[in-house]
Each structure stands twice: as structure tokens, then as C-alpha cells.
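What follows is a short report on a single structure.
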Amino acid sequence: MTKSIPAKTVQAVRVGLLAAAALLTVGAAPSQAARHESLPGNWLDLTVTPGDAHSSGTPGTLLFCDPPLGHPHAAQACEELRAAGGDISRIPPRADALCPMIYAPVTASAKGVWDGRRVAYTHTFSNSCVMAAATGAVFELSD
């Protein structure tokens with residue numbers, strides 16, 4: 001003879017498991033941030049998101065500059081960042097860029113550490129060509 005478990009007991013167990021999973025997920029977020037914060041040297045976590053808002057679900061690229069790694073154009077991006085003191089907004093725009101006047105917005109975001117200080121950058125550009133012209137190799141995340 002088998003006994004069935006009351007529906008209220010099953011529901012209580014489900015609620016408890018969901019609460020435990022939520023606490024574990026919240027507890028994991030600071031450890032990921034701490035892992036990035038403890039990285040040595042100059043580095044940036046870079047994302048390019050279609051549209052005019054940063055999406056937390058967009059996979060990024062981790063650019064290391066001591067030595068240049070993790071990015072398809074790491075050496076060039078790091079050189080441009082060094083010349084600008086790690087400030088992406090100070091990278092000189094490409095004078096030879098001819099971009100179409102098509103509105104297809106992209107949002108470029110960077111966060112990390114440069115010369116021992118935390119840095120963050122987010123800017124929405126009218127299209128990817130305008131972004132590349134303004135930010136050099138930093139957000140060229142594909143070959």
C-alpha cells in the first residue's frame with residue numbers, strides 16, 4: 001500500500017527549494033564580480049549590444065592588456081587605450097571613416113580596471129560603423 005503525499009506538502013517543498021535556489025543565485029553574483037576585480041593589470045570586460053540599451057545577457061569579451069590577450073585585436077586595442085589613458089572617450093576618431101547614415105543603434109559598454117582605478121563606459125552609437133570610427137579597435141570583437 002502506497003501513501004500519497006499531500007498537495008500542500010509538495011507545494012511547501014517546491015517553495016522552499018525555489019527560495020534556496022534564489023539565495024544561492026544571489027550569493028553567487030558577488031563572487032563573480034570579486035573574481036573580475038582581483039584580475040591583475042589593465043583589463044576591460046567589453047560588450048556590444050544591438051539597440052540602445054545594455055543587456056546583461058549579452059556575452060562579452062575580456063580584454064587583457066598586460067600582455068594583450070582575450071580579444072581579436074588585443075594589441076591594437078591596448079595601444080589605443082594606453083594612448084588615451086584608459087579612457088575610451090579620449091580615443092581619437094578615425095578621420096578616414098565613411099559611415100552610412102543608417103540608424104541601426106548599438107550600445108558599447110566597458111567596465112574594468114585601468115592603472116589601478118575602476119573604469120566604466122557606456123555609449124549608444126547610431127550604427128556599428130560610427131562606433132568603430134569613434135572607439136578604434138576596442139569594440140572590434142570579431143575578426
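A note on labels: chains of the C-alpha cells are A, B, ... as shown, every chain counts residues from 1, and ligands are counted from 1 in their shown order.
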
Excluding segment 76-85 of chain A and its own-chain neighbours fewer than 3 positions away, which residues fall within 12 Å of it when counting only C-alpha atoms? Please give them as a PyMOL selection string. chain A and resi 41-44+46+62-73+88-94+110+113-117+119+132+134-141

Just to be explicit: take each residue in the selection above, keep N, CA and C atoms, and write the result as a short mmCIF file (atom, residue, chain, number, x, y, z; two decimals), in the first residue's frame.
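Result file follows (selection_15.cif):
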data_model
loop_
_atom_site.label_atom_id
_atom_site.label_comp_id
_atom_site.auth_asym_id
_atom_site.auth_seq_id
_atom_site.Cartn_x
_atom_site.Cartn_y
_atom_site.Cartn_z
N GLY A 41 46.68 43.78 -13.50
CA GLY A 41 46.95 44.60 -14.68
C GLY A 41 45.73 45.33 -15.21
N ASN A 42 45.86 45.83 -16.42
CA ASN A 42 44.79 46.57 -17.08
C ASN A 42 43.90 45.60 -17.85
N TRP A 43 42.59 45.68 -17.62
CA TRP A 43 41.65 44.80 -18.30
C TRP A 43 40.29 45.47 -18.40
N LEU A 44 39.53 45.10 -19.42
CA LEU A 44 38.16 45.59 -19.61
C LEU A 44 37.27 44.45 -20.05
N LEU A 46 34.20 43.89 -22.20
CA LEU A 46 33.59 44.64 -23.29
C LEU A 46 32.35 43.94 -23.83
N LEU A 62 36.63 39.65 -22.66
CA LEU A 62 37.52 40.17 -21.64
C LEU A 62 38.85 40.52 -22.30
N LEU A 63 39.17 41.81 -22.33
CA LEU A 63 40.41 42.30 -22.93
C LEU A 63 41.44 42.49 -21.83
N PHE A 64 42.55 41.80 -21.96
CA PHE A 64 43.69 41.98 -21.05
C PHE A 64 44.76 42.76 -21.80
N CYS A 65 45.46 43.65 -21.11
CA CYS A 65 46.50 44.44 -21.78
C CYS A 65 47.89 44.22 -21.21
N ASP A 66 48.07 43.34 -20.26
CA ASP A 66 49.39 43.09 -19.66
C ASP A 66 49.67 41.61 -19.59
N PRO A 67 49.97 40.91 -20.63
CA PRO A 67 50.10 41.27 -22.04
C PRO A 67 48.75 41.26 -22.75
N PRO A 68 48.69 41.79 -23.98
CA PRO A 68 47.43 41.84 -24.72
C PRO A 68 46.90 40.44 -25.05
N LEU A 69 45.70 40.13 -24.54
CA LEU A 69 45.07 38.81 -24.73
C LEU A 69 43.56 38.94 -24.72
N GLY A 70 42.88 37.88 -25.18
CA GLY A 70 41.44 37.72 -25.00
C GLY A 70 40.56 38.46 -25.98
N HIS A 71 41.12 39.11 -26.96
CA HIS A 71 40.39 39.99 -27.87
C HIS A 71 41.01 39.79 -29.26
N PRO A 72 40.21 39.74 -30.32
CA PRO A 72 40.78 39.50 -31.64
C PRO A 72 41.79 40.56 -32.10
N HIS A 73 41.70 41.76 -31.56
CA HIS A 73 42.62 42.85 -31.91
C HIS A 73 43.22 43.44 -30.64
N ILE A 88 38.14 55.46 -22.98
CA ILE A 88 37.67 55.16 -24.33
C ILE A 88 37.17 56.42 -25.03
N SER A 89 36.55 57.33 -24.30
CA SER A 89 36.03 58.55 -24.92
C SER A 89 37.15 59.47 -25.42
N ARG A 90 38.39 59.23 -25.01
CA ARG A 90 39.52 60.04 -25.47
C ARG A 90 40.27 59.42 -26.65
N ILE A 91 39.82 58.28 -27.14
CA ILE A 91 40.44 57.68 -28.33
C ILE A 91 40.10 58.58 -29.52
N PRO A 92 41.11 59.01 -30.28
CA PRO A 92 40.81 59.90 -31.42
C PRO A 92 39.97 59.19 -32.47
N PRO A 93 38.94 59.85 -32.99
CA PRO A 93 38.11 59.22 -34.03
C PRO A 93 38.90 59.01 -35.31
N ARG A 94 38.54 57.98 -36.03
CA ARG A 94 39.20 57.70 -37.31
C ARG A 94 38.75 58.73 -38.35
N ALA A 110 31.87 49.03 -21.45
CA ALA A 110 33.13 48.52 -20.93
C ALA A 110 33.17 48.79 -19.44
N VAL A 113 39.37 47.62 -14.94
CA VAL A 113 40.39 48.32 -14.16
C VAL A 113 41.48 48.80 -15.11
N TRP A 114 41.86 50.07 -14.97
CA TRP A 114 42.94 50.63 -15.77
C TRP A 114 43.84 51.45 -14.85
N ASP A 115 45.11 51.15 -14.85
CA ASP A 115 46.09 51.81 -13.98
C ASP A 115 45.62 51.84 -12.52
N GLY A 116 45.04 50.74 -12.07
CA GLY A 116 44.64 50.60 -10.68
C GLY A 116 43.32 51.25 -10.31
N ARG A 117 42.64 51.89 -11.25
CA ARG A 117 41.35 52.52 -10.93
C ARG A 117 40.23 51.84 -11.73
N VAL A 119 37.10 51.60 -14.04
CA VAL A 119 36.60 52.41 -15.14
C VAL A 119 35.31 51.81 -15.67
N ALA A 132 32.78 52.01 -34.52
CA ALA A 132 34.16 51.65 -34.86
C ALA A 132 35.00 52.89 -35.14
N ALA A 134 34.62 55.80 -33.82
CA ALA A 134 34.82 56.56 -32.58
C ALA A 134 35.68 55.84 -31.55
N THR A 135 35.69 54.51 -31.58
CA THR A 135 36.35 53.76 -30.50
C THR A 135 37.54 52.93 -30.96
N GLY A 136 37.93 53.06 -32.21
CA GLY A 136 39.09 52.31 -32.70
C GLY A 136 38.85 50.82 -32.65
N ALA A 137 39.88 50.09 -32.24
CA ALA A 137 39.81 48.63 -32.22
C ALA A 137 39.18 48.07 -30.94
N VAL A 138 38.89 48.92 -29.98
CA VAL A 138 38.43 48.44 -28.67
C VAL A 138 37.19 47.56 -28.78
N PHE A 139 36.19 47.97 -29.54
CA PHE A 139 34.95 47.19 -29.64
C PHE A 139 34.87 46.35 -30.91
N GLU A 140 35.98 46.14 -31.60
CA GLU A 140 36.02 45.21 -32.74
C GLU A 140 36.17 43.80 -32.18
N LEU A 141 35.06 43.22 -31.76
CA LEU A 141 35.07 41.96 -31.02
C LEU A 141 35.06 40.72 -31.90
#

Skipping near chain neighbours, those fewer than 5 positions away, what residues fall within 10 Å of Asp52 of chain A using only C-alpha atoms, listed as a PyMOL selection string? chain A and resi 104-108+123-126

Output for the residues just chosen: C-alpha atoms as a PDB file, in the first residue's frame:
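Contents of out31.pdb, freshly written:
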ATOM      1  CA  ALA A 104      20.796  50.717 -36.519  1.00  0.00           C
ATOM      2  CA  PRO A 105      21.840  51.581 -32.954  1.00  0.00           C
ATOM      3  CA  VAL A 106      24.397  49.624 -30.972  1.00  0.00           C
ATOM      4  CA  THR A 107      25.412  50.130 -27.366  1.00  0.00           C
ATOM      5  CA  ALA A 108      29.052  49.666 -26.437  1.00  0.00           C
ATOM      6  CA  HIS A 123      27.626  54.814 -25.164  1.00  0.00           C
ATOM      7  CA  THR A 124      24.954  54.202 -27.799  1.00  0.00           C
ATOM      8  CA  PHE A 125      26.042  54.862 -31.381  1.00  0.00           C
ATOM      9  CA  SER A 126      23.772  55.286 -34.410  1.00  0.00           C
TER      10      SER A 126
END

Would you mind reading off the distance between atom CA of Thr122 of chain A and atom CA of Thr49 of chain A, one decimal, in Å? 10.6 Å

d(atom CA of Thr58 of chain A, atom CA of Ala133 of chain A) in Å: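 Value for the atom CA of Thr58 of chain A-atom CA of Ala133 of chain A distance: 22.2 Å.
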
Members of segment 29-126 of chain A assigned alpha helix (DSSP H) by DSSP, as a ChimeraX atom specification: /A:29-37,74-83

Keeping C-alpha atoms, export the residues of the selection given above as a compact mmCIF listing (two decimals), in the first residue's frame.
# COMPACT_ATOMS: atom_id res chain seq x y z
CA ALA A 29 26.87 37.22 -8.08
CA PRO A 30 29.32 38.94 -5.72
CA SER A 31 31.86 36.14 -6.13
CA GLN A 32 31.84 36.62 -9.92
CA ALA A 33 32.33 40.36 -9.51
CA ALA A 34 35.09 39.78 -6.97
CA ARG A 35 36.80 37.35 -9.36
CA HIS A 36 36.98 40.06 -12.07
CA GLU A 37 38.02 42.75 -9.58
CA ALA A 74 44.09 42.98 -28.40
CA ALA A 75 47.44 44.58 -29.25
CA GLN A 76 45.88 47.43 -31.25
CA ALA A 77 43.06 47.98 -28.72
CA CYS A 78 45.52 48.09 -25.81
CA GLU A 79 47.79 50.50 -27.68
CA GLU A 80 44.85 52.85 -28.33
CA LEU A 81 43.71 52.59 -24.71
CA ARG A 82 47.22 53.31 -23.38
CA ALA A 83 47.46 56.42 -25.59

Atom CA of Asp143 of chain A to atom CA of Leu98 of chain A: how many Å, to one decimal?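 It comes out at 20.0 Å.
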
If we count only C-alpha atoms, what is near Ala120 of chain A at a cut-off of 8 Å, once residues fewer than 6 positions away on the same chain are taken out, given as number ranges by chain? A: 109-112

Written file, previous selection with N, CA and C atoms, as a compact mmCIF listing (two decimals), in the first residue's frame:
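result-v1.txt, written as the output of this step:
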# COMPACT_ATOMS: atom_id res chain seq x y z
N SER A 109 29.66 48.89 -24.22
CA SER A 109 29.89 49.02 -22.77
C SER A 109 31.22 48.40 -22.40
N ALA A 110 31.87 49.03 -21.45
CA ALA A 110 33.13 48.52 -20.93
C ALA A 110 33.17 48.79 -19.44
N LYS A 111 33.68 47.82 -18.70
CA LYS A 111 33.94 48.04 -17.28
C LYS A 111 35.16 47.22 -16.92
N GLY A 112 35.95 47.75 -16.03
CA GLY A 112 37.16 47.04 -15.64
C GLY A 112 38.08 47.88 -14.80

Taking into account only C-alpha atoms, which residue in the set A:Asp87, A:Pro50, A:Cys129, A:Pro59 is nearest to Ile102 of chain A?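 Checking each candidate against Ile102 of chain A, we get A:Cys129 as the closest.
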